[in-house]
$ cat coords.cif   # mmCIF, N, CA and C atoms
data_entry
loop_
_atom_site.group_PDB
_atom_site.id
_atom_site.type_symbol
_atom_site.label_atom_id
_atom_site.label_comp_id
_atom_site.auth_asym_id
_atom_site.auth_seq_id
_atom_site.Cartn_x
_atom_site.Cartn_y
_atom_site.Cartn_z
ATOM 1 N N MET S 15 -47.281 4.595 -51.895
ATOM 2 C CA MET S 15 -46.579 3.405 -51.457
ATOM 3 C C MET S 15 -45.800 2.831 -52.643
ATOM 4 N N MET S 16 -44.480 2.626 -52.422
ATOM 5 C CA MET S 16 -43.638 2.082 -53.485
ATOM 6 C C MET S 16 -43.527 0.573 -53.319
ATOM 7 N N LEU S 17 -43.941 -0.152 -54.303
ATOM 8 C CA LEU S 17 -43.846 -1.597 -54.242
ATOM 9 C C LEU S 17 -42.515 -2.107 -54.793
ATOM 10 N N ASN S 18 -41.873 -1.315 -55.602
ATOM 11 C CA ASN S 18 -40.622 -1.715 -56.207
ATOM 12 C C ASN S 18 -39.454 -1.296 -55.296
ATOM 13 N N PRO S 19 -38.658 -2.229 -54.774
ATOM 14 C CA PRO S 19 -37.558 -1.846 -53.887
ATOM 15 C C PRO S 19 -36.471 -1.051 -54.599
ATOM 16 N N LEU S 20 -36.340 -1.216 -55.915
ATOM 17 C CA LEU S 20 -35.346 -0.449 -56.652
ATOM 18 C C LEU S 20 -35.740 1.015 -56.796
ATOM 19 N N ALA S 21 -37.018 1.309 -56.646
ATOM 20 C CA ALA S 21 -37.472 2.697 -56.747
ATOM 21 C C ALA S 21 -36.898 3.540 -55.610
ATOM 22 N N ARG S 22 -36.585 2.903 -54.483
ATOM 23 C CA ARG S 22 -35.991 3.636 -53.362
ATOM 24 C C ARG S 22 -34.608 4.155 -53.718
ATOM 25 N N LEU S 23 -33.884 3.437 -54.566
ATOM 26 C CA LEU S 23 -32.554 3.883 -54.972
ATOM 27 C C LEU S 23 -32.612 5.189 -55.746
ATOM 28 N N VAL S 24 -33.647 5.354 -56.516
ATOM 29 C CA VAL S 24 -33.797 6.568 -57.313
ATOM 30 C C VAL S 24 -34.061 7.762 -56.409
ATOM 31 N N HIS S 25 -34.837 7.576 -55.352
ATOM 32 C CA HIS S 25 -35.250 8.671 -54.478
ATOM 33 C C HIS S 25 -34.347 8.840 -53.258
ATOM 34 N N ARG S 26 -33.335 8.004 -53.125
ATOM 35 C CA ARG S 26 -32.455 8.069 -51.958
ATOM 36 C C ARG S 26 -31.501 9.247 -52.086
ATOM 37 N N ALA S 27 -31.227 9.919 -50.982
ATOM 38 C CA ALA S 27 -30.262 11.018 -50.975
ATOM 39 C C ALA S 27 -28.862 10.437 -51.204
ATOM 40 N N PRO S 28 -28.088 10.974 -52.118
ATOM 41 C CA PRO S 28 -26.774 10.388 -52.439
ATOM 42 C C PRO S 28 -25.780 10.474 -51.280
ATOM 43 N N ALA S 29 -25.911 11.472 -50.408
ATOM 44 C CA ALA S 29 -24.964 11.632 -49.304
ATOM 45 C C ALA S 29 -25.274 10.688 -48.139
ATOM 46 N N LYS S 30 -26.448 10.122 -48.123
ATOM 47 C CA LYS S 30 -26.843 9.243 -47.025
ATOM 48 C C LYS S 30 -26.176 7.876 -47.190
ATOM 49 N N PRO S 31 -25.482 7.373 -46.134
ATOM 50 C CA PRO S 31 -24.812 6.075 -46.271
ATOM 51 C C PRO S 31 -25.823 4.931 -46.353
ATOM 52 N N THR S 32 -25.423 3.894 -47.061
ATOM 53 C CA THR S 32 -26.289 2.729 -47.177
ATOM 54 C C THR S 32 -26.255 1.949 -45.864
ATOM 55 N N LEU S 33 -27.171 1.027 -45.734
ATOM 56 C CA LEU S 33 -27.229 0.204 -44.541
ATOM 57 C C LEU S 33 -25.951 -0.621 -44.381
ATOM 58 N N ARG S 34 -25.422 -1.110 -45.469
ATOM 59 C CA ARG S 34 -24.171 -1.892 -45.443
ATOM 60 C C ARG S 34 -23.000 -1.023 -44.979
ATOM 61 N N GLU S 35 -22.931 0.226 -45.459
ATOM 62 C CA GLU S 35 -21.868 1.142 -45.021
ATOM 63 C C GLU S 35 -22.009 1.482 -43.547
ATOM 64 N N ARG S 36 -23.241 1.680 -43.092
ATOM 65 C CA ARG S 36 -23.464 1.960 -41.674
ATOM 66 C C ARG S 36 -23.060 0.771 -40.815
ATOM 67 N N LEU S 37 -23.337 -0.446 -41.273
ATOM 68 C CA LEU S 37 -22.959 -1.652 -40.545
ATOM 69 C C LEU S 37 -21.445 -1.765 -40.443
ATOM 70 N N THR S 38 -20.734 -1.499 -41.512
ATOM 71 C CA THR S 38 -19.276 -1.555 -41.511
ATOM 72 C C THR S 38 -18.694 -0.545 -40.534
ATOM 73 N N THR S 39 -19.234 0.655 -40.524
ATOM 74 C CA THR S 39 -18.774 1.686 -39.600
ATOM 75 C C THR S 39 -19.041 1.281 -38.155
ATOM 76 N N LEU S 40 -20.213 0.733 -37.905
ATOM 77 C CA LEU S 40 -20.560 0.302 -36.554
ATOM 78 C C LEU S 40 -19.649 -0.820 -36.078
ATOM 79 N N LYS S 41 -19.337 -1.777 -36.954
ATOM 80 C CA LYS S 41 -18.443 -2.869 -36.583
ATOM 81 C C LYS S 41 -17.055 -2.345 -36.243
ATOM 82 N N ALA S 42 -16.549 -1.406 -37.024
ATOM 83 C CA ALA S 42 -15.228 -0.832 -36.765
ATOM 84 C C ALA S 42 -15.217 -0.072 -35.442
ATOM 85 N N THR S 43 -16.259 0.686 -35.176
ATOM 86 C CA THR S 43 -16.340 1.437 -33.925
ATOM 87 C C THR S 43 -16.430 0.498 -32.730
ATOM 88 N N ALA S 44 -17.228 -0.553 -32.858
ATOM 89 C CA ALA S 44 -17.386 -1.505 -31.760
ATOM 90 C C ALA S 44 -16.091 -2.250 -31.488
ATOM 91 N N SER S 45 -15.387 -2.677 -32.526
ATOM 92 C CA SER S 45 -14.140 -3.403 -32.303
ATOM 93 C C SER S 45 -13.090 -2.490 -31.681
ATOM 94 N N HIS S 46 -13.109 -1.208 -32.045
ATOM 95 C CA HIS S 46 -12.176 -0.253 -31.442
ATOM 96 C C HIS S 46 -12.495 -0.071 -29.957
ATOM 97 N N ALA S 47 -13.772 0.019 -29.632
ATOM 98 C CA ALA S 47 -14.166 0.195 -28.230
ATOM 99 C C ALA S 47 -13.837 -1.043 -27.403
ATOM 100 N N ILE S 48 -13.953 -2.217 -27.983
ATOM 101 C CA ILE S 48 -13.653 -3.450 -27.252
ATOM 102 C C ILE S 48 -12.161 -3.567 -26.994
ATOM 103 N N ARG S 49 -11.327 -3.158 -27.951
ATOM 104 C CA ARG S 49 -9.873 -3.258 -27.788
ATOM 105 C C ARG S 49 -9.306 -2.219 -26.834
ATOM 106 N N ARG S 50 -10.055 -1.155 -26.556
ATOM 107 C CA ARG S 50 -9.568 -0.086 -25.687
ATOM 108 C C ARG S 50 -9.344 -0.588 -24.273
ATOM 109 N N LYS S 51 -8.371 -0.009 -23.576
ATOM 110 C CA LYS S 51 -8.124 -0.366 -22.186
ATOM 111 C C LYS S 51 -9.256 0.193 -21.324
ATOM 112 N N PRO S 52 -9.647 -0.516 -20.276
ATOM 113 C CA PRO S 52 -10.709 0.007 -19.414
ATOM 114 C C PRO S 52 -10.215 1.211 -18.612
ATOM 115 N N VAL S 53 -11.100 2.127 -18.359
ATOM 116 C CA VAL S 53 -10.773 3.319 -17.594
ATOM 117 C C VAL S 53 -11.062 3.028 -16.127
ATOM 118 N N ASP S 54 -10.098 3.356 -15.264
ATOM 119 C CA ASP S 54 -10.306 3.165 -13.832
ATOM 120 C C ASP S 54 -11.340 4.168 -13.339
ATOM 121 N N ALA S 55 -12.305 3.672 -12.572
ATOM 122 C CA ALA S 55 -13.350 4.546 -12.050
ATOM 123 C C ALA S 55 -12.821 5.406 -10.916
ATOM 124 N N ALA S 56 -11.941 4.852 -10.084
ATOM 125 C CA ALA S 56 -11.399 5.589 -8.948
ATOM 126 C C ALA S 56 -9.994 6.078 -9.284
ATOM 127 N N PRO S 57 -9.676 7.305 -8.923
ATOM 128 C CA PRO S 57 -8.318 7.795 -9.147
ATOM 129 C C PRO S 57 -7.306 6.990 -8.323
ATOM 130 N N VAL S 58 -6.070 6.934 -8.790
ATOM 131 C CA VAL S 58 -5.038 6.129 -8.130
ATOM 132 C C VAL S 58 -4.751 6.648 -6.729
ATOM 133 N N ALA S 59 -4.742 7.964 -6.544
ATOM 134 C CA ALA S 59 -4.426 8.533 -5.235
ATOM 135 C C ALA S 59 -5.461 8.115 -4.185
ATOM 136 N N VAL S 60 -6.730 8.099 -4.555
ATOM 137 C CA VAL S 60 -7.783 7.715 -3.616
ATOM 138 C C VAL S 60 -7.695 6.222 -3.313
ATOM 139 N N ALA S 61 -7.423 5.403 -4.327
ATOM 140 C CA ALA S 61 -7.332 3.961 -4.123
ATOM 141 C C ALA S 61 -6.137 3.614 -3.244
ATOM 142 N N ALA S 62 -5.028 4.338 -3.390
ATOM 143 C CA ALA S 62 -3.846 4.059 -2.582
ATOM 144 C C ALA S 62 -4.051 4.489 -1.131
ATOM 145 N N ALA S 63 -4.869 5.503 -0.888
ATOM 146 C CA ALA S 63 -5.100 5.994 0.461
ATOM 147 C C ALA S 63 -5.957 5.016 1.267
ATOM 148 N N ASP S 64 -6.874 4.338 0.646
ATOM 149 C CA ASP S 64 -7.762 3.409 1.335
ATOM 150 C C ASP S 64 -7.437 1.986 0.870
ATOM 151 N N PRO S 65 -6.967 1.115 1.778
ATOM 152 C CA PRO S 65 -6.586 -0.234 1.361
ATOM 153 C C PRO S 65 -7.755 -1.060 0.810
ATOM 154 N N ILE S 66 -8.965 -0.804 1.275
ATOM 155 C CA ILE S 66 -10.129 -1.534 0.765
ATOM 156 C C ILE S 66 -10.360 -1.180 -0.707
ATOM 157 N N LEU S 67 -10.326 0.125 -1.011
ATOM 158 C CA LEU S 67 -10.499 0.547 -2.403
ATOM 159 C C LEU S 67 -9.363 0.038 -3.278
ATOM 160 N N ALA S 68 -8.157 0.002 -2.733
ATOM 161 C CA ALA S 68 -7.017 -0.513 -3.491
ATOM 162 C C ALA S 68 -7.217 -1.999 -3.801
ATOM 163 N N ALA S 69 -7.718 -2.757 -2.835
ATOM 164 C CA ALA S 69 -7.952 -4.188 -3.045
ATOM 165 C C ALA S 69 -9.056 -4.407 -4.083
ATOM 166 N N ILE S 70 -10.108 -3.622 -4.005
ATOM 167 C CA ILE S 70 -11.205 -3.742 -4.976
ATOM 168 C C ILE S 70 -10.702 -3.408 -6.373
ATOM 169 N N SER S 71 -9.950 -2.325 -6.487
ATOM 170 C CA SER S 71 -9.419 -1.912 -7.773
ATOM 171 C C SER S 71 -8.483 -2.967 -8.356
ATOM 172 N N GLU S 72 -7.619 -3.536 -7.528
ATOM 173 C CA GLU S 72 -6.682 -4.562 -7.992
ATOM 174 C C GLU S 72 -7.426 -5.833 -8.405
ATOM 175 N N THR S 73 -8.456 -6.206 -7.664
ATOM 176 C CA THR S 73 -9.255 -7.385 -8.010
ATOM 177 C C THR S 73 -9.947 -7.189 -9.357
ATOM 178 N N GLN S 74 -10.496 -6.003 -9.569
ATOM 179 C CA GLN S 74 -11.148 -5.717 -10.851
ATOM 180 C C GLN S 74 -10.141 -5.751 -11.987
ATOM 181 N N ARG S 75 -8.946 -5.198 -11.750
ATOM 182 C CA ARG S 75 -7.915 -5.181 -12.788
ATOM 183 C C ARG S 75 -7.477 -6.597 -13.137
ATOM 184 N N LEU S 76 -7.281 -7.444 -12.122
ATOM 185 C CA LEU S 76 -6.867 -8.824 -12.369
ATOM 186 C C LEU S 76 -7.965 -9.620 -13.075
ATOM 187 N N ALA S 77 -9.210 -9.403 -12.679
ATOM 188 C CA ALA S 77 -10.332 -10.093 -13.326
ATOM 189 C C ALA S 77 -10.425 -9.675 -14.791
ATOM 190 N N TRP S 78 -10.243 -8.394 -15.053
ATOM 191 C CA TRP S 78 -10.302 -7.905 -16.432
ATOM 192 C C TRP S 78 -9.169 -8.515 -17.255
ATOM 193 N N ALA S 79 -7.970 -8.583 -16.659
ATOM 194 C CA ALA S 79 -6.824 -9.151 -17.368
ATOM 195 C C ALA S 79 -7.060 -10.645 -17.673
ATOM 196 N N ARG S 80 -7.671 -11.360 -16.740
ATOM 197 C CA ARG S 80 -7.955 -12.781 -16.946
ATOM 198 C C ARG S 80 -8.977 -12.973 -18.050
ATOM 199 N N ILE S 81 -9.986 -12.126 -18.083
ATOM 200 C CA ILE S 81 -11.016 -12.207 -19.119
ATOM 201 C C ILE S 81 -10.404 -11.905 -20.486
ATOM 202 N N ARG S 82 -9.515 -10.922 -20.541
ATOM 203 C CA ARG S 82 -8.903 -10.536 -21.809
ATOM 204 C C ARG S 82 -8.006 -11.636 -22.376
ATOM 205 N N ARG S 83 -7.392 -12.460 -21.492
ATOM 206 C CA ARG S 83 -6.507 -13.528 -21.940
ATOM 207 C C ARG S 83 -7.261 -14.676 -22.578
ATOM 208 N N THR S 84 -8.493 -14.912 -22.170
ATOM 209 C CA THR S 84 -9.243 -16.052 -22.697
ATOM 210 C C THR S 84 -9.941 -15.719 -23.970
#
$ encode --input "coords.cif" --output "structure tokens"
Amino acid sequence: MMLNPLARLVHRAPAKPTLRERLTTLKATASHAIRRKPVDAAPVAVAAADPILAAISETQRLAWARIRRT
């Protein structure tokens, strides 16, 4: 059992990223995923063929756009 926290630095693998580096990478990945446009679950051809699916898809798109504006 190592009581000295600095002793971990000596035994740490040099290629392994630090916790701070992992946090920075995670923040960048998360912000990229949040900025991405949402993917439509239903294809456009299927939504256009059924008016109910088209209405649901349009409602979801408008709700998403409203959320993104605020």
$ atom_distance --input "coords.cif" --atom1 "CA of Arg50 (chain S)" --atom2 "CA of Arg34 (chain S)"
24.6 Å
$ atom_distance --input "coords.cif" --atom1 "CA of Thr32 (chain S)" --atom2 "CA of Arg49 (chain S)"
26.1 Å
$ atom_distance --input "coords.cif" --atom1 "CA of Thr39 (chain S)" --atom2 "atom C of Ala27 (chain S)"
17.7 Å
$ closest_residue --input "coords.cif" --among "S:Pro28, S:Lys51, S:Asn18, S:Ala63" --to "Arg75 (chain S)" --atoms "only C-alpha atoms"
S:Lys51
